[in-house]
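Student: My structure file run.cif, mmCIF, C-alpha atoms, is below:
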data_target
loop_
_atom_site.label_atom_id
_atom_site.label_comp_id
_atom_site.auth_asym_id
_atom_site.auth_seq_id
_atom_site.Cartn_x
_atom_site.Cartn_y
_atom_site.Cartn_z
CA MET A 1 94.85 -109.23 -107.79
CA ASN A 2 95.61 -111.12 -104.62
CA ASP A 3 99.04 -111.81 -106.01
CA PHE A 4 99.53 -108.16 -106.74
CA ILE A 5 98.76 -107.13 -103.16
CA ARG A 6 101.03 -109.84 -101.81
CA GLN A 7 103.89 -108.66 -104.00
CA ALA A 8 103.42 -105.01 -103.09
CA TRP A 9 103.23 -105.97 -99.43
CA ALA A 10 106.44 -108.00 -99.73
CA ILE A 11 108.28 -105.04 -101.23
CA PHE A 12 106.88 -102.76 -98.55
CA ARG A 13 107.91 -105.14 -95.76
CA LYS A 14 111.39 -105.53 -97.17
CA ASP A 15 111.88 -101.78 -97.37
CA VAL A 16 110.47 -101.06 -93.94
CA LEU A 17 112.77 -103.73 -92.53
CA LEU A 18 115.71 -102.13 -94.27
CA GLU A 19 114.73 -98.72 -92.92
CA ILE A 20 114.36 -100.06 -89.37
CA ARG A 21 117.76 -101.68 -89.55
CA GLU A 22 119.18 -98.38 -90.68
CA LEU A 23 117.19 -96.06 -88.47
CA ARG A 24 119.90 -93.44 -88.51
CA HIS A 25 118.80 -92.55 -92.02
CA PHE A 26 115.33 -91.67 -90.76
CA PHE A 27 116.76 -89.60 -87.92
CA ALA A 28 119.12 -87.82 -90.29
CA VAL A 29 116.16 -86.85 -92.49
CA LEU A 30 114.14 -85.80 -89.44
CA LEU A 31 116.99 -83.60 -88.21
CA PHE A 32 117.28 -82.15 -91.68
CA GLY A 33 113.57 -81.28 -91.60
CA VAL A 34 113.97 -79.58 -88.21
CA LEU A 35 116.99 -77.70 -89.47
CA MET A 36 115.05 -76.54 -92.53
CA MET A 37 112.27 -75.08 -90.38
CA LEU A 38 114.80 -73.27 -88.21
CA LEU A 39 116.76 -71.95 -91.18
CA PHE A 40 113.67 -70.71 -92.99
CA SER A 41 112.56 -68.88 -89.86
CA PHE A 42 116.00 -67.30 -89.38
CA ALA A 43 116.06 -66.17 -92.97
CA LEU A 44 112.57 -64.72 -93.07
CA SER A 45 111.44 -62.86 -89.99
CA VAL A 46 111.62 -62.24 -86.24
CA ASP A 47 108.12 -60.88 -85.79
CA PRO A 48 106.06 -63.63 -84.06
CA ASP A 49 102.84 -62.63 -85.82
CA VAL A 50 104.44 -62.84 -89.24
CA MET A 51 106.06 -66.13 -88.26
CA ARG A 52 102.72 -67.58 -87.24
CA LYS A 53 101.28 -66.68 -90.65
CA MET A 54 104.22 -68.20 -92.46
CA ALA A 55 104.36 -71.36 -90.38
CA PRO A 56 102.30 -73.59 -92.75
CA GLY A 57 104.48 -72.57 -95.69
CA LEU A 58 107.69 -73.21 -93.79
CA PHE A 59 106.36 -76.53 -92.54
CA TRP A 60 105.49 -77.76 -96.04
CA LEU A 61 108.78 -76.57 -97.51
CA ALA A 62 110.63 -78.44 -94.79
CA VAL A 63 108.53 -81.54 -95.51
CA LEU A 64 109.14 -81.22 -99.25
CA PHE A 65 112.91 -80.97 -98.92
CA ALA A 66 113.08 -83.72 -96.35
CA SER A 67 110.94 -86.04 -98.52
CA LEU A 68 113.40 -85.49 -101.30
CA LEU A 69 116.04 -87.19 -99.18
CA SER A 70 113.70 -90.07 -98.50
CA LEU A 71 112.74 -90.45 -102.17
CA ASP A 72 116.31 -90.24 -103.31
CA HIS A 73 117.12 -93.05 -100.91
CA SER A 74 114.17 -95.26 -101.74
CA PHE A 75 115.54 -97.16 -104.74
CA ARG A 76 119.06 -97.49 -103.41
CA SER A 77 118.72 -101.15 -102.57
CA GLU A 78 117.38 -101.89 -106.07
CA THR A 79 120.14 -100.18 -107.98
CA GLU A 80 122.87 -102.10 -106.18
CA ASP A 81 124.00 -105.43 -107.62
CA GLU A 82 121.27 -105.41 -110.25
CA GLN A 83 118.63 -106.27 -107.70
CA TRP A 84 116.03 -104.55 -109.83
CA GLU A 85 116.48 -107.20 -112.52
CA GLY A 86 116.43 -109.78 -109.75
CA LEU A 87 113.03 -108.62 -108.57
CA LEU A 88 111.62 -108.64 -112.07
CA MET A 89 113.03 -112.09 -112.75
CA ALA A 90 111.46 -113.30 -109.52
CA GLY A 91 108.17 -112.41 -111.14
CA ILE A 92 107.40 -109.15 -109.34
CA ASP A 93 104.92 -107.02 -111.27
CA PRO A 94 106.49 -103.58 -111.94
CA LYS A 95 103.24 -102.00 -110.75
CA ALA A 96 103.49 -103.91 -107.47
CA LEU A 97 107.06 -102.65 -107.13
CA TYR A 98 105.76 -99.11 -107.56
CA VAL A 99 102.95 -99.56 -105.04
CA GLY A 100 105.30 -101.16 -102.50
CA LYS A 101 107.78 -98.32 -102.82
CA LEU A 102 104.97 -95.78 -102.66
CA LEU A 103 103.74 -97.29 -99.39
CA THR A 104 107.25 -97.13 -97.93
CA ASN A 105 107.75 -93.52 -98.94
CA LEU A 106 104.28 -92.58 -97.79
CA SER A 107 104.86 -94.07 -94.35
CA PHE A 108 108.27 -92.45 -94.15
CA VAL A 109 106.99 -88.99 -95.06
CA SER A 110 103.83 -89.28 -92.94
CA LEU A 111 105.87 -90.23 -89.89
CA LEU A 112 108.21 -87.34 -90.60
CA GLN A 113 105.27 -84.95 -90.74
CA LEU A 114 103.76 -86.30 -87.56
CA LEU A 115 107.02 -85.56 -85.75
CA LEU A 116 107.57 -82.16 -87.37
CA LEU A 117 104.03 -80.95 -86.75
CA PRO A 118 104.31 -80.59 -82.95
CA LEU A 119 107.62 -78.87 -83.49
CA MET A 120 105.89 -76.35 -85.72
CA ALA A 121 103.24 -75.81 -83.04
CA ILE A 122 105.93 -75.17 -80.44
CA LEU A 123 108.19 -72.99 -82.56
CA PHE A 124 105.44 -70.78 -83.93
CA ASP A 125 103.01 -70.92 -81.00
CA LEU A 126 100.09 -72.54 -82.81
CA ALA A 127 97.21 -74.66 -81.60
CA LEU A 128 96.91 -77.88 -83.61
CA THR A 129 93.59 -79.31 -84.72
CA PRO A 130 92.85 -82.99 -85.45
CA SER A 131 91.59 -82.14 -88.95
CA LEU A 132 95.21 -81.40 -89.88
CA LEU A 133 95.91 -85.12 -89.98
CA GLY A 134 93.74 -85.56 -93.06
CA VAL A 135 95.56 -82.76 -94.87
CA LEU A 136 98.89 -84.28 -93.99
CA LEU A 137 97.89 -87.58 -95.48
CA LEU A 138 96.51 -86.09 -98.71
CA GLY A 139 99.55 -83.84 -99.06
CA SER A 140 102.14 -86.50 -98.41
CA PHE A 141 100.32 -88.87 -100.76
CA GLY A 142 100.55 -86.20 -103.47
CA VAL A 143 104.26 -85.71 -102.84
CA THR A 144 105.11 -89.40 -102.77
CA THR A 145 102.89 -90.66 -105.59
CA LEU A 146 104.79 -88.72 -108.25
CA GLY A 147 107.94 -88.69 -106.14
CA THR A 148 108.21 -92.47 -106.12
CA LEU A 149 107.77 -92.70 -109.87
CA TYR A 150 110.38 -89.99 -110.54
CA ALA A 151 112.75 -91.47 -107.98
CA GLY A 152 112.52 -94.78 -109.83
CA VAL A 153 113.21 -93.09 -113.16
CA THR A 154 116.23 -91.17 -111.90
CA ALA A 155 117.54 -93.93 -109.60
CA THR A 156 120.35 -94.97 -111.90
CA PHE A 157 121.64 -91.50 -112.71
CA HIS A 158 124.74 -89.93 -111.24
CA GLU A 159 123.05 -86.57 -111.50
CA ARG A 160 119.89 -87.69 -109.74
CA GLN A 161 120.33 -85.35 -106.79
CA MET A 162 119.96 -82.44 -109.15
CA LEU A 163 117.57 -84.03 -111.61
CA LEU A 164 115.00 -85.39 -109.17
CA PRO A 165 114.03 -82.02 -107.61
CA LEU A 166 114.25 -80.33 -111.00
CA LEU A 167 111.73 -82.75 -112.49
CA LEU A 168 109.60 -83.28 -109.41
CA PHE A 169 109.19 -79.92 -107.68
CA PRO A 170 107.52 -78.01 -110.54
CA MET A 171 105.05 -80.89 -110.83
CA LEU A 172 104.28 -80.65 -107.13
CA VAL A 173 103.34 -76.95 -107.15
CA PRO A 174 99.59 -77.71 -106.89
CA VAL A 175 100.22 -80.02 -103.92
CA LEU A 176 102.36 -77.40 -102.20
CA LEU A 177 99.85 -74.58 -102.76
CA ALA A 178 96.87 -76.66 -101.71
CA SER A 179 98.54 -78.21 -98.67
CA VAL A 180 99.79 -74.86 -97.40
CA LYS A 181 96.36 -73.26 -97.90
CA VAL A 182 94.49 -76.09 -96.20
CA THR A 183 96.93 -76.09 -93.30
CA GLU A 184 96.57 -72.32 -92.94
CA LEU A 185 92.78 -72.57 -93.00
CA ALA A 186 92.72 -75.50 -90.58
CA LEU A 187 94.87 -73.57 -88.11
CA ALA A 188 92.48 -70.62 -88.47
CA HIS A 189 89.52 -72.96 -87.76
CA ASP A 190 87.87 -72.45 -91.10
CA LEU A 191 86.50 -75.96 -91.31
CA PHE A 192 84.75 -76.74 -94.57
CA GLY A 193 84.56 -73.11 -95.61
CA GLN A 194 87.10 -72.27 -98.29
CA GLN A 195 89.00 -75.38 -97.36
CA MET A 196 86.83 -77.77 -99.31
CA ALA A 197 87.87 -76.48 -102.72
CA TRP A 198 91.54 -77.01 -101.91
CA ILE A 199 90.92 -80.44 -100.44
CA ARG A 200 89.09 -81.37 -103.63
CA LEU A 201 92.05 -80.14 -105.67
CA LEU A 202 94.42 -82.27 -103.59
CA PHE A 203 92.12 -85.20 -104.00
CA VAL A 204 92.00 -84.76 -107.80
CA PHE A 205 95.79 -84.40 -108.00
CA ASP A 206 96.33 -87.48 -105.88
CA THR A 207 93.88 -89.58 -107.89
CA VAL A 208 95.07 -88.44 -111.33
CA PHE A 209 98.74 -88.96 -110.58
CA PHE A 210 98.31 -92.16 -108.63
CA LEU A 211 96.48 -93.74 -111.55
CA GLY A 212 98.87 -92.16 -114.07
CA SER A 213 101.93 -93.34 -112.18
CA LEU A 214 100.50 -96.80 -111.74
CA LEU A 215 99.93 -97.11 -115.49
CA LEU A 216 103.33 -95.69 -116.39
CA ALA A 217 105.12 -97.80 -113.75
CA GLU A 218 104.35 -100.78 -115.97
CA ILE A 219 106.50 -99.14 -118.66
CA LEU A 220 109.08 -97.33 -116.55
CA PHE A 221 109.89 -99.92 -113.89
CA ASP A 222 110.30 -102.69 -116.41
CA GLY A 223 114.06 -102.92 -115.91
CA ALA A 224 116.35 -100.05 -114.95
CA MET B 1 112.30 -76.49 -152.51
CA LYS B 2 113.92 -76.42 -149.06
CA LYS B 3 115.54 -73.10 -149.81
CA ILE B 4 112.25 -71.69 -151.05
CA CYS B 5 110.62 -72.72 -147.75
CA ILE B 6 113.34 -71.10 -145.66
CA VAL B 7 113.47 -67.87 -147.64
CA GLY B 8 109.69 -67.75 -148.01
CA SER B 9 108.95 -68.25 -144.31
CA ILE B 10 111.55 -65.72 -143.19
CA GLY B 11 110.34 -63.23 -145.80
CA PHE B 12 106.76 -63.68 -144.60
CA LEU B 13 107.87 -63.15 -140.99
CA MET B 14 109.67 -59.95 -141.98
CA TYR B 15 106.59 -58.71 -143.78
CA ALA B 16 104.40 -59.56 -140.78
CA GLN B 17 106.80 -57.74 -138.47
CA TYR B 18 106.80 -54.72 -140.79
CA TYR B 19 103.01 -54.78 -140.72
CA GLY B 20 103.00 -54.92 -136.93
CA LEU B 21 105.65 -52.24 -136.46
CA VAL B 22 104.56 -49.74 -139.13
CA VAL B 23 101.12 -50.39 -140.58
CA ALA B 24 99.20 -51.16 -137.37
CA PRO B 25 98.27 -47.97 -135.47
CA SER B 26 99.59 -47.01 -132.03
CA ASP B 27 97.48 -47.99 -129.02
CA ARG B 28 95.48 -45.22 -127.37
CA MET B 29 96.62 -46.18 -123.85
CA MET B 30 99.90 -47.93 -124.34
CA GLY B 31 101.38 -46.09 -127.30
CA ASP B 32 103.96 -48.12 -129.18
CA VAL B 33 104.83 -50.40 -126.30
CA TYR B 34 101.92 -52.65 -127.15
CA ARG B 35 103.66 -53.69 -130.38
CA ILE B 36 105.58 -56.22 -128.33
CA LEU B 37 102.41 -58.27 -128.44
CA PHE B 38 103.01 -59.01 -132.13
CA VAL B 39 105.83 -61.25 -131.00
CA HIS B 40 104.80 -62.04 -127.45
CA VAL B 41 101.32 -63.34 -128.22
CA PRO B 42 102.29 -65.50 -131.22
CA ALA B 43 105.19 -66.89 -129.17
CA ALA B 44 102.82 -67.79 -126.34
CA TRP B 45 100.38 -69.41 -128.81
CA MET B 46 103.17 -71.38 -130.44
CA THR B 47 104.37 -72.54 -127.03
CA MET B 48 100.99 -74.06 -126.31
CA LEU B 49 100.70 -75.49 -129.82
CA PHE B 50 104.15 -77.09 -129.82
CA PHE B 51 103.84 -78.47 -126.29
CA PHE B 52 100.56 -79.95 -127.40
CA PHE B 53 102.34 -81.57 -130.38
CA SER B 54 104.96 -82.84 -127.98
CA PHE B 55 102.22 -84.42 -125.90
CA ILE B 56 100.76 -86.05 -129.01
CA GLY B 57 104.23 -87.32 -129.94
CA SER B 58 104.70 -88.81 -126.46
CA LEU B 59 101.29 -90.42 -126.52
CA LEU B 60 101.74 -91.91 -129.98
CA TYR B 61 105.18 -93.20 -129.05
CA LEU B 62 103.77 -95.10 -126.11
CA ILE B 63 101.07 -96.59 -128.32
CA ARG B 64 103.06 -97.30 -131.47
CA ARG B 65 106.67 -97.45 -130.20
CA GLN B 66 108.02 -95.95 -133.41
CA PRO B 67 111.09 -93.69 -133.08
CA ARG B 68 109.56 -91.00 -135.27
CA TRP B 69 107.01 -90.13 -132.61
CA ASP B 70 109.82 -89.74 -130.12
CA HIS B 71 111.59 -87.43 -132.56
CA LEU B 72 108.41 -85.39 -132.90
CA ALA B 73 108.07 -85.11 -129.10
CA LEU B 74 111.69 -84.01 -128.79
CA ALA B 75 111.72 -81.48 -131.66
CA THR B 76 108.45 -79.84 -130.66
CA ALA B 77 109.48 -79.69 -126.98
CA GLU B 78 112.73 -77.93 -127.94
CA ILE B 79 110.92 -75.37 -130.09
CA GLY B 80 108.29 -74.95 -127.39
CA VAL B 81 110.92 -74.18 -124.76
CA VAL B 82 112.44 -71.49 -127.01
CA THR B 83 109.11 -69.77 -127.72
CA ASN B 84 108.20 -70.21 -124.07
CA GLY B 85 111.36 -68.35 -123.02
CA LEU B 86 110.66 -65.69 -125.66
CA ALA B 87 107.08 -65.22 -124.45
CA LEU B 88 108.22 -64.91 -120.83
CA ALA B 89 111.06 -62.46 -121.58
CA LEU B 90 108.94 -60.24 -123.83
CA GLY B 91 105.99 -60.36 -121.46
CA SER B 92 108.25 -59.17 -118.71
CA LEU B 93 109.61 -56.33 -120.87
CA TRP B 94 106.04 -55.32 -121.66
CA GLY B 95 104.90 -55.62 -118.04
CA LYS B 96 107.33 -53.06 -116.68
CA PRO B 97 106.07 -49.99 -118.62
CA THR B 98 102.44 -51.18 -118.59
CA TRP B 99 101.84 -52.69 -115.15
CA GLY B 100 104.85 -51.05 -113.46
CA VAL B 101 106.37 -54.40 -112.52
CA TRP B 102 108.54 -56.92 -114.33
CA TRP B 103 106.71 -59.86 -112.88
CA THR B 104 103.43 -60.65 -111.17
CA TRP B 105 102.16 -63.90 -109.73
CA ASP B 106 99.30 -64.14 -112.14
CA PRO B 107 98.13 -67.69 -112.97
CA ARG B 108 99.04 -67.58 -116.63
CA LEU B 109 102.49 -66.12 -116.00
CA THR B 110 103.23 -68.52 -113.22
CA THR B 111 101.98 -71.52 -115.16
CA THR B 112 104.07 -70.47 -118.17
CA ALA B 113 107.17 -70.12 -116.00
CA LEU B 114 106.57 -73.54 -114.49
CA LEU B 115 106.07 -75.01 -117.96
CA PHE B 116 109.47 -73.60 -118.91
CA ILE B 117 111.08 -75.35 -115.96
CA MET B 118 109.18 -78.59 -116.49
CA TYR B 119 110.08 -78.88 -120.18
CA GLY B 120 113.63 -77.71 -119.39
CA GLY B 121 113.87 -80.63 -116.99
CA TYR B 122 112.37 -82.89 -119.65
CA LEU B 123 115.08 -81.91 -122.14
CA MET B 124 117.78 -82.34 -119.51
CA LEU B 125 116.50 -85.79 -118.65
CA ARG B 126 116.72 -86.72 -122.32
CA GLN B 127 120.33 -85.59 -122.42
CA LEU B 128 121.21 -87.91 -119.55
CA LEU B 129 119.65 -91.07 -120.98
CA GLU B 130 121.87 -92.78 -123.46
CA ASP B 131 120.01 -95.85 -124.60
CA PRO B 132 117.68 -94.49 -127.32
CA GLU B 133 114.83 -96.86 -126.58
CA ARG B 134 114.84 -96.26 -122.84
CA ARG B 135 115.21 -92.52 -123.46
CA ALA B 136 112.18 -92.49 -125.72
CA LYS B 137 110.16 -94.51 -123.23
CA VAL B 138 111.03 -92.46 -120.17
CA ALA B 139 110.69 -89.13 -121.99
CA ALA B 140 107.26 -90.09 -123.33
CA CYS B 141 106.03 -90.92 -119.84
CA ILE B 142 107.39 -87.71 -118.33
CA GLY B 143 105.93 -85.73 -121.27
CA LEU B 144 102.50 -87.20 -120.61
CA LEU B 145 102.65 -86.42 -116.91
CA ILE B 146 103.71 -82.81 -117.52
CA PHE B 147 100.86 -82.23 -119.94
CA LEU B 148 98.40 -83.84 -117.55
CA ASN B 149 99.55 -81.45 -114.84
CA VAL B 150 99.12 -78.18 -116.78
CA PRO B 151 95.40 -77.69 -116.04
CA ILE B 152 95.89 -78.62 -112.37
CA VAL B 153 98.83 -76.21 -111.98
CA TYR B 154 96.87 -73.46 -113.72
CA LEU B 155 93.82 -73.95 -111.53
CA SER B 156 95.84 -74.08 -108.32
CA VAL B 157 97.75 -70.89 -109.10
CA LYS B 158 94.52 -69.21 -110.17
CA TRP B 159 92.93 -69.95 -106.85
CA TRP B 160 96.10 -68.94 -105.06
CA ARG B 161 95.95 -65.40 -106.43
CA SER B 162 94.66 -63.79 -109.33
CA LEU B 163 96.35 -59.18 -112.85
CA HIS B 164 96.90 -60.65 -116.22
CA GLN B 165 95.12 -58.51 -118.68
CA VAL B 166 92.05 -60.29 -120.04
CA GLN B 167 92.61 -60.99 -123.71
CA SER B 168 91.32 -58.18 -125.92
CA SER B 169 88.61 -59.49 -128.16
CA PRO B 170 89.17 -58.87 -131.86
CA THR B 171 86.10 -56.61 -131.90
CA THR B 172 87.63 -54.01 -129.56
CA MET B 173 90.90 -53.89 -131.47
CA ASP B 174 91.72 -51.85 -134.51
CA PRO B 175 91.32 -54.16 -137.53
CA ALA B 176 94.91 -53.45 -138.57
CA MET B 177 96.09 -54.69 -135.19
CA VAL B 178 94.09 -57.88 -135.56
CA ILE B 179 95.54 -58.44 -139.02
CA ALA B 180 99.05 -57.74 -137.77
CA LEU B 181 98.62 -60.19 -134.90
CA ARG B 182 97.27 -62.94 -137.11
CA LEU B 183 99.91 -62.34 -139.76
CA ASN B 184 102.61 -62.60 -137.15
CA ALA B 185 101.14 -65.75 -135.66
CA PHE B 186 101.07 -67.46 -139.06
CA ALA B 187 104.51 -66.14 -139.96
CA LEU B 188 105.99 -67.50 -136.76
CA LEU B 189 104.22 -70.78 -137.31
CA GLY B 190 105.73 -70.89 -140.80
CA VAL B 191 109.29 -70.29 -139.60
CA LEU B 192 108.90 -72.76 -136.74
CA SER B 193 107.51 -75.38 -139.09
CA VAL B 194 110.59 -75.07 -141.28
CA ILE B 195 112.78 -75.39 -138.18
CA LEU B 196 110.70 -78.37 -137.05
CA TYR B 197 111.15 -80.08 -140.40
CA HIS B 198 114.91 -79.72 -140.23
CA ARG B 199 115.07 -80.69 -136.57
CA LEU B 200 113.16 -83.88 -137.35
CA ARG B 201 115.51 -84.62 -140.21
CA LEU B 202 118.45 -84.13 -137.85
CA ALA B 203 116.92 -86.38 -135.18
CA ARG B 204 116.37 -89.10 -137.76
CA ALA B 205 119.92 -88.80 -139.06
CA LEU B 206 121.35 -88.97 -135.54
CA ALA B 207 119.24 -92.01 -134.72
CA GLU B 208 120.42 -93.71 -137.90
CA ARG B 209 124.02 -92.95 -137.07
CA ASP B 210 123.69 -94.27 -133.51
CA GLY B 211 121.85 -97.32 -134.79
CA ALA B 212 124.63 -98.03 -137.26
CA GLU B 213 127.25 -97.66 -134.54
CA SER B 214 125.59 -100.11 -132.20
CA LEU B 215 125.31 -102.86 -134.83
CA PRO B 216 127.89 -105.61 -134.54
CA PRO B 217 130.92 -105.02 -136.73
CA PRO B 218 130.42 -106.42 -140.22
CA LEU B 219 132.00 -109.77 -140.99
CA VAL B 220 135.09 -109.74 -143.11
CA ALA B 221 133.91 -108.80 -146.55
CA SER B 222 133.85 -111.74 -148.87
CA GLY B 223 133.77 -110.90 -152.52
CA GLY B 224 134.45 -107.21 -152.09
CA GLU B 225 132.00 -104.33 -152.09
CA LYS B 226 128.77 -104.81 -154.02
#
Written as structure tokens, that's how I'd like the structure from this file.
Tutor:
Amino acid sequence: MNDFIRQAWAIFRKDVLLEIRELRHFFAVLLFGVLMMLLFSFALSVDPDVMRKMAPGLFWLAVLFASLLSLDHSFRSETEDEQWEGLLMAGIDPKALYVGKLLTNLSFVSLLQLLLLPLMAILFDLALTPSLLGVLLLGSFGVTTLGTLYAGVTATFHERQMLLPLLLFPMLVPVLLASVKVTELALAHDLFGQQMAWIRLLFVFDTVFFLGSLLLAEILFDGA
Amino acid sequence: MKKICIVGSIGFLMYAQYYGLVVAPSDRMMGDVYRILFVHVPAAWMTMLFFFFSFIGSLLYLIRRQPRWDHLALATAEIGVVTNGLALALGSLWGKPTWGVWWTWDPRLTTTALLFIMYGGYLMLRQLLEDPERRAKVAACIGLLIFLNVPIVYLSVKWWRSLHQVQSSPTTMDPAMVIALRLNAFALLGVLSVILYHRLRLARALAERDGAESLPPPLVASGGEK
């Protein structure tokens, strides 16, 4: 077990280091997220009241599309020069590889959300509440837990940019619905009213698919 | 025997359709439009049934690692996608005259549409993987995850908004309608089973061909054939 955590941590550290050395990728994704929120608002409405109601939906769509870029990127270093085989030969447990990658993606997406959230508040004139942070974490965990697994599966495909969203997004519908609802309710100060049911749903989704992905990573990440 | 199965199942389907279109009475509220249900409902049932078989195939493949379970998962998923598309298209055709709209965001509709996309993606993924063993492995995992997600998707969409007509119970329907519906369900199951049999045969043949191709070339024959 100790070994497992050490391996996952090593993968995580390696990836974070790579991301820090190539920070422009993070900023490109962040800009893309900002652009998405602007574009969605242009396309949908000019009425500030309507905008305020739609803000959580626009925010989560922007996050979803931006995370796609992060996920798509996340196995790039492994697919080059057969480094995936290298990791496995070095004795890395495929499950540890999955957990390490999940941690990287989760940090990436969470950071992205943290930066996009104030922007949403400014653009749509909303007052943020601290309870939103919990939702963000549950939501981004839901997106990245399946996202990391699917990114690993599609990493070697030429068509992955089309295939990854096609496979992933329909699976993430519960996360999207629940996250948007909880965000809406949190902004409307409905703490622990209707919110709880949705939070529970997110929690169930996250648990089921984290465990499922962890089990399947053993099979799927066992060589590209 | 094969021919008897094909002719028999198609004949039975034609009879069931005749029963649904002619023998069963018109509906008091919906007139003849309701007869779409004799295809729509069996198609929706078959979708669930075949996706369930696909799930079983995926699960058994991961446990046993025998190609035949992968073939089962593939064949049933393909048939499921077809009936799924049929159920969606016919449901939409029925919705317009009955509800006044082609589409509503009802949980069952939305879940069915998402299933169509998820299994469509599953089939596409299979197309893109060339190594048969890796394809079977990856497809089985994705198949499991999709099936696991169906109840969660359904629940989430249900909470999100809930117009689908509650199923009529057999007791409120004219007996001839019930018979027509059941006949059609079994007839469709019969035809699909025949298709499934042949699809499995095809999958096996293709796997054998690919297996034969990937074997090393035979050594120079010594002593001729046989």
Student: Tell me, in Å to one decimal, how far atom CA of A:Glu78 is from atom CA of A:Leu149.
Tutor: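 Between these atoms lies a distance of 13.8 Å.
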Student: Would you kindly translate the PyMOL selection byres ((chain B) within 10 of (chain A)) into the concrete residues it picks from this file, as a PyMOL selection string?
Tutor: chain B and resi 62+111+113-122+124-125+128-129+134+137-142+144-146+148-150+152-157+159-160
Student: Kindly indicate which residue among B:Leu196, B:Ser92, B:Ser9, B:Thr76 lies nearest to B:Trp105, using all atoms listed in the file for the distances.
Tutor: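 With all atoms listed in the file as the atom set, the closest residue is B:Ser92.
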Student: Would you compute the distance between atom CA of A:Phe32 and atom CA of A:Ala66? Give it in Å to one decimal.
Tutor: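 We find that atom CA of A:Phe32 and atom CA of A:Ala66 lie 6.5 Å from each other.
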Student: List the spatial neighbours of A:Leu88 as a PDB file with C-alpha atoms, keeping the file's coordinate frame - criterion: any atom at most 8 Å away, all atoms listed in the file, same-chain residues fewer than 4 positions off excluded.
Tutor:
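Result went into result-v7.pdb, see below:
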ATOM      1  CA  TRP A  84     116.030-104.550-109.830  1.00  0.00           C
ATOM      2  CA  ILE A  92     107.400-109.150-109.340  1.00  0.00           C
ATOM      3  CA  ASP A  93     104.920-107.020-111.270  1.00  0.00           C
ATOM      4  CA  PRO A  94     106.490-103.580-111.940  1.00  0.00           C
ATOM      5  CA  ASP A 222     110.300-102.690-116.410  1.00  0.00           C
ATOM      6  CA  GLY A 223     114.060-102.920-115.910  1.00  0.00           C
TER       7      GLY A 223
END
Student: Evaluate the PyMOL selection byres ((chain B and resi 173-188) around 12) against this structure - the residues, as a ChimeraX atom specification, please.
Tutor: /B:5-28,32,34-47,49-50,79,83,167-172,189-196
Student: Would you save the residues from that selection as a short mmCIF file (atom, residue, chain, number, x, y, z; two decimals), keeping the file's coordinate frame, using C-alpha atoms?
Tutor:
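Result file is again28.cif:
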data_model
loop_
_atom_site.label_atom_id
_atom_site.label_comp_id
_atom_site.auth_asym_id
_atom_site.auth_seq_id
_atom_site.Cartn_x
_atom_site.Cartn_y
_atom_site.Cartn_z
CA CYS B 5 110.62 -72.72 -147.75
CA ILE B 6 113.34 -71.10 -145.66
CA VAL B 7 113.47 -67.87 -147.64
CA GLY B 8 109.69 -67.75 -148.01
CA SER B 9 108.95 -68.25 -144.31
CA ILE B 10 111.55 -65.72 -143.19
CA GLY B 11 110.34 -63.23 -145.80
CA PHE B 12 106.76 -63.68 -144.60
CA LEU B 13 107.87 -63.15 -140.99
CA MET B 14 109.67 -59.95 -141.98
CA TYR B 15 106.59 -58.71 -143.78
CA ALA B 16 104.40 -59.56 -140.78
CA GLN B 17 106.80 -57.74 -138.47
CA TYR B 18 106.80 -54.72 -140.79
CA TYR B 19 103.01 -54.78 -140.72
CA GLY B 20 103.00 -54.92 -136.93
CA LEU B 21 105.65 -52.24 -136.46
CA VAL B 22 104.56 -49.74 -139.13
CA VAL B 23 101.12 -50.39 -140.58
CA ALA B 24 99.20 -51.16 -137.37
CA PRO B 25 98.27 -47.97 -135.47
CA SER B 26 99.59 -47.01 -132.03
CA ASP B 27 97.48 -47.99 -129.02
CA ARG B 28 95.48 -45.22 -127.37
CA ASP B 32 103.96 -48.12 -129.18
CA TYR B 34 101.92 -52.65 -127.15
CA ARG B 35 103.66 -53.69 -130.38
CA ILE B 36 105.58 -56.22 -128.33
CA LEU B 37 102.41 -58.27 -128.44
CA PHE B 38 103.01 -59.01 -132.13
CA VAL B 39 105.83 -61.25 -131.00
CA HIS B 40 104.80 -62.04 -127.45
CA VAL B 41 101.32 -63.34 -128.22
CA PRO B 42 102.29 -65.50 -131.22
CA ALA B 43 105.19 -66.89 -129.17
CA ALA B 44 102.82 -67.79 -126.34
CA TRP B 45 100.38 -69.41 -128.81
CA MET B 46 103.17 -71.38 -130.44
CA THR B 47 104.37 -72.54 -127.03
CA LEU B 49 100.70 -75.49 -129.82
CA PHE B 50 104.15 -77.09 -129.82
CA ILE B 79 110.92 -75.37 -130.09
CA THR B 83 109.11 -69.77 -127.72
CA GLN B 167 92.61 -60.99 -123.71
CA SER B 168 91.32 -58.18 -125.92
CA SER B 169 88.61 -59.49 -128.16
CA PRO B 170 89.17 -58.87 -131.86
CA THR B 171 86.10 -56.61 -131.90
CA THR B 172 87.63 -54.01 -129.56
CA LEU B 189 104.22 -70.78 -137.31
CA GLY B 190 105.73 -70.89 -140.80
CA VAL B 191 109.29 -70.29 -139.60
CA LEU B 192 108.90 -72.76 -136.74
CA SER B 193 107.51 -75.38 -139.09
CA VAL B 194 110.59 -75.07 -141.28
CA ILE B 195 112.78 -75.39 -138.18
CA LEU B 196 110.70 -78.37 -137.05
#
Student: Mind telling me what the PyMOL selection byres ((chain A and resi 138) around 12) catches here, as a PyMOL selection string?
Tutor: chain A and resi 106+109-110+113+131-137+139-145+175-176+178-180+182-183+198-207+210
